[in-house]
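*Asks:* Attaching a single structure in structure tokens format; questions to follow.
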Amino acid sequence: MSALDWQKSSYSSESVNCVHLAIAPDLSVKLRESDEPDVVIGTSPDVLRALLLGVKAGEFDHLTT
């Protein structure tokens with residue numbers, strides 16, 4: 001994978017638990033977490049948008065313990 005321009009979430013602290021996003025040359029969205037930077041997952045912008053809208057709408061609140 002070529003070098004990506006990773007952006008840190010504005011909701012992440014400076015130390016741990018940071019989420020990073022990047023747009024790949026194929027326009028897919030790549031995500032990684034600061035504790036495991038070599039583990040990268042990819043998705044489409046539409047799928048990520050649906051996930052974020054679902055989180056904001058509380059669709060996953062029942063999954064918390």
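Identifiers for the structure tokens are assigned positionally: chains receive A, B, ... in sequence, residues are indexed from 1 per chain, and ligands are indexed from 1 in the order shown.
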Residues within 10 Å of Leu21 in chain A, please, as number ranges by chain. Count only C-alpha atoms; anything in the same chain fewer than 2 positions from it doesn't count.

*Replies:* A: 4-9, 19, 23-24, 29-33, 40-42

*Asks:* Keeping only N, CA and C atoms, take the residues you just selected and write them out as a PDB file, in the first residue's frame.

*Replies:*
ATOM      1  N   LEU A   4      -0.155   6.885   2.797  1.00  0.00           N
ATOM      2  CA  LEU A   4      -1.428   7.595   2.842  1.00  0.00           C
ATOM      3  C   LEU A   4      -1.308   8.821   3.726  1.00  0.00           C
ATOM      4  N   ASP A   5      -2.131   9.806   3.479  1.00  0.00           N
ATOM      5  CA  ASP A   5      -2.172  11.023   4.289  1.00  0.00           C
ATOM      6  C   ASP A   5      -3.193  10.798   5.400  1.00  0.00           C
ATOM      7  N   TRP A   6      -2.735  10.269   6.547  1.00  0.00           N
ATOM      8  CA  TRP A   6      -3.622   9.935   7.652  1.00  0.00           C
ATOM      9  C   TRP A   6      -4.043  11.188   8.411  1.00  0.00           C
ATOM     10  N   GLN A   7      -5.319  11.253   8.720  1.00  0.00           N
ATOM     11  CA  GLN A   7      -5.895  12.352   9.504  1.00  0.00           C
ATOM     12  C   GLN A   7      -6.393  11.785  10.824  1.00  0.00           C
ATOM     13  N   LYS A   8      -6.040  12.420  11.931  1.00  0.00           N
ATOM     14  CA  LYS A   8      -6.495  11.962  13.239  1.00  0.00           C
ATOM     15  C   LYS A   8      -7.859  12.563  13.538  1.00  0.00           C
ATOM     16  N   SER A   9      -8.724  11.766  14.116  1.00  0.00           N
ATOM     17  CA  SER A   9     -10.035  12.245  14.501  1.00  0.00           C
ATOM     18  C   SER A   9      -9.910  13.406  15.478  1.00  0.00           C
ATOM     19  N   VAL A  19      -8.233   7.432  16.448  1.00  0.00           N
ATOM     20  CA  VAL A  19      -8.699   6.873  15.188  1.00  0.00           C
ATOM     21  C   VAL A  19      -8.140   7.739  14.065  1.00  0.00           C
ATOM     22  N   ILE A  23      -7.895   8.704   2.729  1.00  0.00           N
ATOM     23  CA  ILE A  23      -8.525   8.384   1.448  1.00  0.00           C
ATOM     24  C   ILE A  23      -7.444   7.769   0.559  1.00  0.00           C
ATOM     25  N   ALA A  24      -7.686   6.556   0.098  1.00  0.00           N
ATOM     26  CA  ALA A  24      -6.736   5.844  -0.756  1.00  0.00           C
ATOM     27  C   ALA A  24      -6.867   6.324  -2.201  1.00  0.00           C
ATOM     28  N   VAL A  29     -12.026   4.505   1.745  1.00  0.00           N
ATOM     29  CA  VAL A  29     -11.647   5.090   3.025  1.00  0.00           C
ATOM     30  C   VAL A  29     -10.905   4.026   3.826  1.00  0.00           C
ATOM     31  N   LYS A  30      -9.765   4.387   4.351  1.00  0.00           N
ATOM     32  CA  LYS A  30      -8.966   3.497   5.195  1.00  0.00           C
ATOM     33  C   LYS A  30      -9.037   4.003   6.632  1.00  0.00           C
ATOM     34  N   LEU A  31      -9.144   3.063   7.574  1.00  0.00           N
ATOM     35  CA  LEU A  31      -9.201   3.404   8.992  1.00  0.00           C
ATOM     36  C   LEU A  31      -8.180   2.579   9.749  1.00  0.00           C
ATOM     37  N   ARG A  32      -7.604   3.182  10.764  1.00  0.00           N
ATOM     38  CA  ARG A  32      -6.715   2.464  11.669  1.00  0.00           C
ATOM     39  C   ARG A  32      -6.827   3.077  13.058  1.00  0.00           C
ATOM     40  N   GLU A  33      -6.367   2.320  14.032  1.00  0.00           N
ATOM     41  CA  GLU A  33      -6.418   2.750  15.424  1.00  0.00           C
ATOM     42  C   GLU A  33      -4.984   2.876  15.908  1.00  0.00           C
ATOM     43  N   VAL A  40      -5.139  -2.115   9.185  1.00  0.00           N
ATOM     44  CA  VAL A  40      -5.895  -1.105   8.433  1.00  0.00           C
ATOM     45  C   VAL A  40      -7.118  -1.782   7.828  1.00  0.00           C
ATOM     46  N   ILE A  41      -8.272  -1.163   8.019  1.00  0.00           N
ATOM     47  CA  ILE A  41      -9.477  -1.674   7.370  1.00  0.00           C
ATOM     48  C   ILE A  41      -9.924  -0.655   6.328  1.00  0.00           C
ATOM     49  N   GLY A  42     -10.597  -1.132   5.317  1.00  0.00           N
ATOM     50  CA  GLY A  42     -11.060  -0.267   4.243  1.00  0.00           C
ATOM     51  C   GLY A  42     -12.553  -0.401   4.038  1.00  0.00           C
TER      52      GLY A  42
END

*Asks:* Set the distance at 8 Å and use only C-alpha atoms: which residues neighbour Asn17 in chain A once local chain neighbours fewer than 5 positions away are removed? I'd like the list as a list in words.

*Replies:* Ser12, Glu33, Ser34 and Asp35 of chain A

*Asks:* Work out how far CA of Tyr11 in chain A is from CA of Leu52 in chain A, in Å to one decimal.

*Replies:* 13.6 Å

*Asks:* Would you mind reading off the distance between CA of Ser44 in chain A and CA of Ala22 in chain A, one decimal, in Å?

*Replies:*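 Going from CA of Ser44 in chain A over to CA of Ala22 in chain A, I get 11.5 Å.
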
*Asks:* Interatomic distance between CA of Pro37 in chain A and CA of Val16 in chain A?

*Replies:*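 We find that CA of Pro37 in chain A and CA of Val16 in chain A lie 11.7 Å from each other.
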
*Asks:* I need the alpha helix (DSSP H) residues of chain A per DSSP on the backbone, written as a list in words.

*Replies:* Pro45, Asp46, Val47, Leu48, Arg49, Ala50, Leu51, Leu52, Leu53, Gly54, Val55 and Lys56 of chain A

*Asks:* Would you return as a ChimeraX atom specification the members of chain A that DSSP assigns to strand (DSSP E or B) on this structure's backbone?

*Replies:* /A:7-8,19-23,29-33,36-43

*Asks:* Those residues you just picked out, can you put them in a file as a tab-separated table (two decimals), in the first residue's frame with N, CA and C atoms?

*Replies:*
chain	number	residue	atom	x	y	z
A	7	GLN	N	-5.32	11.25	8.72
A	7	GLN	CA	-5.90	12.35	9.50
A	7	GLN	C	-6.39	11.78	10.82
A	8	LYS	N	-6.04	12.42	11.93
A	8	LYS	CA	-6.49	11.96	13.24
A	8	LYS	C	-7.86	12.56	13.54
A	19	VAL	N	-8.23	7.43	16.45
A	19	VAL	CA	-8.70	6.87	15.19
A	19	VAL	C	-8.14	7.74	14.06
A	20	HIS	N	-7.58	7.08	13.05
A	20	HIS	CA	-7.03	7.78	11.89
A	20	HIS	C	-7.78	7.34	10.64
A	21	LEU	N	-8.01	8.29	9.74
A	21	LEU	CA	-8.68	8.03	8.47
A	21	LEU	C	-7.80	8.54	7.33
A	22	ALA	N	-7.91	7.87	6.20
A	22	ALA	CA	-7.20	8.31	4.99
A	22	ALA	C	-8.03	7.92	3.78
A	23	ILE	N	-7.89	8.70	2.73
A	23	ILE	CA	-8.52	8.38	1.45
A	23	ILE	C	-7.44	7.77	0.56
A	29	VAL	N	-12.03	4.50	1.74
A	29	VAL	CA	-11.65	5.09	3.03
A	29	VAL	C	-10.91	4.03	3.83
A	30	LYS	N	-9.77	4.39	4.35
A	30	LYS	CA	-8.97	3.50	5.20
A	30	LYS	C	-9.04	4.00	6.63
A	31	LEU	N	-9.14	3.06	7.57
A	31	LEU	CA	-9.20	3.40	8.99
A	31	LEU	C	-8.18	2.58	9.75
A	32	ARG	N	-7.60	3.18	10.76
A	32	ARG	CA	-6.71	2.46	11.67
A	32	ARG	C	-6.83	3.08	13.06
A	33	GLU	N	-6.37	2.32	14.03
A	33	GLU	CA	-6.42	2.75	15.42
A	33	GLU	C	-4.98	2.88	15.91
A	36	GLU	N	-2.78	-0.13	17.13
A	36	GLU	CA	-2.40	-1.15	16.14
A	36	GLU	C	-2.33	-0.51	14.76
A	37	PRO	N	-1.36	0.38	14.53
A	37	PRO	CA	-1.32	1.13	13.26
A	37	PRO	C	-1.11	0.30	12.02
A	38	ASP	N	-0.62	-0.94	12.18
A	38	ASP	CA	-0.42	-1.80	11.01
A	38	ASP	C	-1.69	-2.51	10.58
A	39	VAL	N	-2.73	-2.45	11.42
A	39	VAL	CA	-4.02	-3.06	11.08
A	39	VAL	C	-4.89	-1.97	10.46
A	40	VAL	N	-5.14	-2.12	9.19
A	40	VAL	CA	-5.89	-1.10	8.43
A	40	VAL	C	-7.12	-1.78	7.83
A	41	ILE	N	-8.27	-1.16	8.02
A	41	ILE	CA	-9.48	-1.67	7.37
A	41	ILE	C	-9.92	-0.65	6.33
A	42	GLY	N	-10.60	-1.13	5.32
A	42	GLY	CA	-11.06	-0.27	4.24
A	42	GLY	C	-12.55	-0.40	4.04
A	43	THR	N	-13.15	0.67	3.59
A	43	THR	CA	-14.58	0.68	3.29
A	43	THR	C	-14.84	1.76	2.24
